[in-house]
Amino acid sequence: MNLNNPEATQQALSILRSGDTFQWYVIPLLVIVLYIYANEYEKGNYRVIVGGLALYMVHWFVEIVNALIQYCSGHALWTVPSGTAFAIMVGVGIEISLMFSIAGLVVCKIMPKDPSAKIFGMNNRLVFSIANAALASILEIFLVRTPTFVWVYHWWGSFPVFVTVYIPFFAAACYVHDWKPKAQMLFIGALFAVNAVGLIVFAGILKWI
């Protein structure tokens, strides 16, 4: 199976949705996220909110898939074996999830307002998607040097993460931001429904994840 750290899976499962690791700092973090969204809503930055929610829905979908890979194969592609105040799923703690809940907001606020503007001859939405995906992938290289985040398989690393995880994350934020409201609602609503059903079925009923 060519595993890099098989013990990390069991370590992550041992704290899965356990209250034993809870820390109070989670509460102010949650309030800060809510404040950020409320502030954007107050300012009428609805497209920025849409971009943030689009990335967040993709994040949840990817984490559910990673947890299902763990159930089906015995090991997830990545795990969070320690250091989190609450392990939501095998590969994501509450801190990571809250971070991704606002990551889309950030990229939408800093990218050019004109979706047709060029950067180095390329569409700026593509450039921002790739650049932010690369930055996030580089950050993971640091994270896996700590005991709090593990790439379980030898072949899983920064480049597979860059292509299959982070480009979809930031592309969702950058491109859905520009769509018409009906298409935005369809994208976010459909992914929300898929994620909700996945959590209800696989986590709530079947107890797979």
# chains A, B, ... in the order shown; residues from 1 in each chain; ligands from 1
>>> closest_atom_pairs(of="region 132-168 of chain A", to="region 84-105 of chain A", cutoff="10 Å", atoms="only C-alpha atoms", output="Markdown table")
| residue | atom | partner | partner_atom | distance |
| --- | --- | --- | --- | --- |
| A:Asn132 | CA | A:Ala103 | CA | 9.6 |
| A:Thr148 | CA | A:Thr84 | CA | 7.6 |
| A:Phe149 | CA | A:Gly91 | CA | 8.2 |
| A:Val150 | CA | A:Gly91 | CA | 8.7 |
| A:Trp151 | CA | A:Gly91 | CA | 9.6 |
>>> select_by_dssp(residues="region 3-124 of chain A", states="alpha helix (DSSP H)", output="ChimeraX atom specification")
/A:7-14,26-42,46-73,94-110,124
>>> residues_around(residues="Cys174 (chain A)", least_positions_apart="3", cutoff="6 Å", atoms="only C-alpha atoms", output="ChimeraX atom specification")
/A:125,171,177
>>> closest_residue(among="A:Phe61, A:Phe22, A:Trp156, A:Phe187", to="Gly83 (chain A)", atoms="only C-alpha atoms")
A:Phe22
>>> closest_residue(among="A:Lys109, A:Arg145, A:His75, A:Arg17", to="Tyr46 (chain A)", atoms="only C-alpha atoms")
A:Lys109
>>> atom_distance(atom1="CA of Phe159 (chain A)", atom2="CA of Leu135 (chain A)")
11.5 Å
>>> closest_residue(among="A:Leu77, A:Val33, A:Leu186, A:Ala8", to="His154 (chain A)", atoms="only C-alpha atoms")
A:Leu77
>>> atom_distance(atom1="CA of Leu206 (chain A)", atom2="CA of Asn66 (chain A)")
16.1 Å
>>> residues_around(residues="Val58 (chain A)", least_positions_apart="2", cutoff="12 Å", atoms="only C-alpha atoms", output="PyMOL selection string")
chain A and resi 51-56+60-65+97+100-101+103-104+164-173+176+187-195
>>> closest_residue(among="A:Leu3, A:Ile36, A:Met185, A:Val80", to="Ala67 (chain A)", atoms="only C-alpha atoms")
A:Val80
>>> atom_distance(atom1="CA of Ile69 (chain A)", atom2="CA of Trp208 (chain A)")
10.1 Å
>>> closest_residue(among="A:Ala131, A:Ala12, A:Val163, A:Ala183", to="Pro81 (chain A)", atoms="only C-alpha atoms")
A:Ala12
>>> residues_around(residues="Tyr153 (chain A)", least_positions_apart="6", cutoff="12 Å", atoms="only C-alpha atoms", output="PDB file with C-alpha atoms, in the first residue's frame")
ATOM      1  CA  MET A   1       0.000   0.000   0.000  1.00  0.00           C
ATOM      2  CA  ASN A   2       3.074   2.222   0.268  1.00  0.00           C
ATOM      3  CA  LEU A   3       2.033   4.050   3.429  1.00  0.00           C
ATOM      4  CA  ASN A   4       4.046   6.880   4.896  1.00  0.00           C
ATOM      5  CA  ASN A   5       2.461   6.992   8.360  1.00  0.00           C
ATOM      6  CA  PRO A   6      -0.284   4.386   8.877  1.00  0.00           C
ATOM      7  CA  GLU A   7      -0.446   5.094  12.619  1.00  0.00           C
ATOM      8  CA  ALA A   8      -1.780   8.580  11.884  1.00  0.00           C
ATOM      9  CA  THR A   9      -5.116   7.143  10.755  1.00  0.00           C
ATOM     10  CA  GLN A  70     -10.443   6.093   4.833  1.00  0.00           C
ATOM     11  CA  SER A  73      -9.383   1.539   2.064  1.00  0.00           C
ATOM     12  CA  GLY A  74      -8.462   1.758   5.734  1.00  0.00           C
ATOM     13  CA  HIS A  75      -6.493   4.992   5.338  1.00  0.00           C
ATOM     14  CA  ALA A  76      -7.355   8.554   4.359  1.00  0.00           C
ATOM     15  CA  LEU A  77      -5.101  10.549   2.043  1.00  0.00           C
ATOM     16  CA  TRP A  78      -4.449  13.045   4.847  1.00  0.00           C
ATOM     17  CA  THR A  79      -5.274  13.049   8.555  1.00  0.00           C
ATOM     18  CA  PRO A 160      -1.506  16.137  -5.897  1.00  0.00           C
TER      19      PRO A 160
END
>>> select_by_dssp(residues="chain A", states="strand (DSSP E or B)", output="VMD selection string")
chain A and resid 3 16 78 to 79 87 to 89 92 to 93 118 to 119 122 to 123 150 to 151 153
>>> closest_residue(among="A:Ala117, A:Ile130, A:Val144, A:Val48", to="Ser158 (chain A)", atoms="only C-alpha atoms")
A:Val144
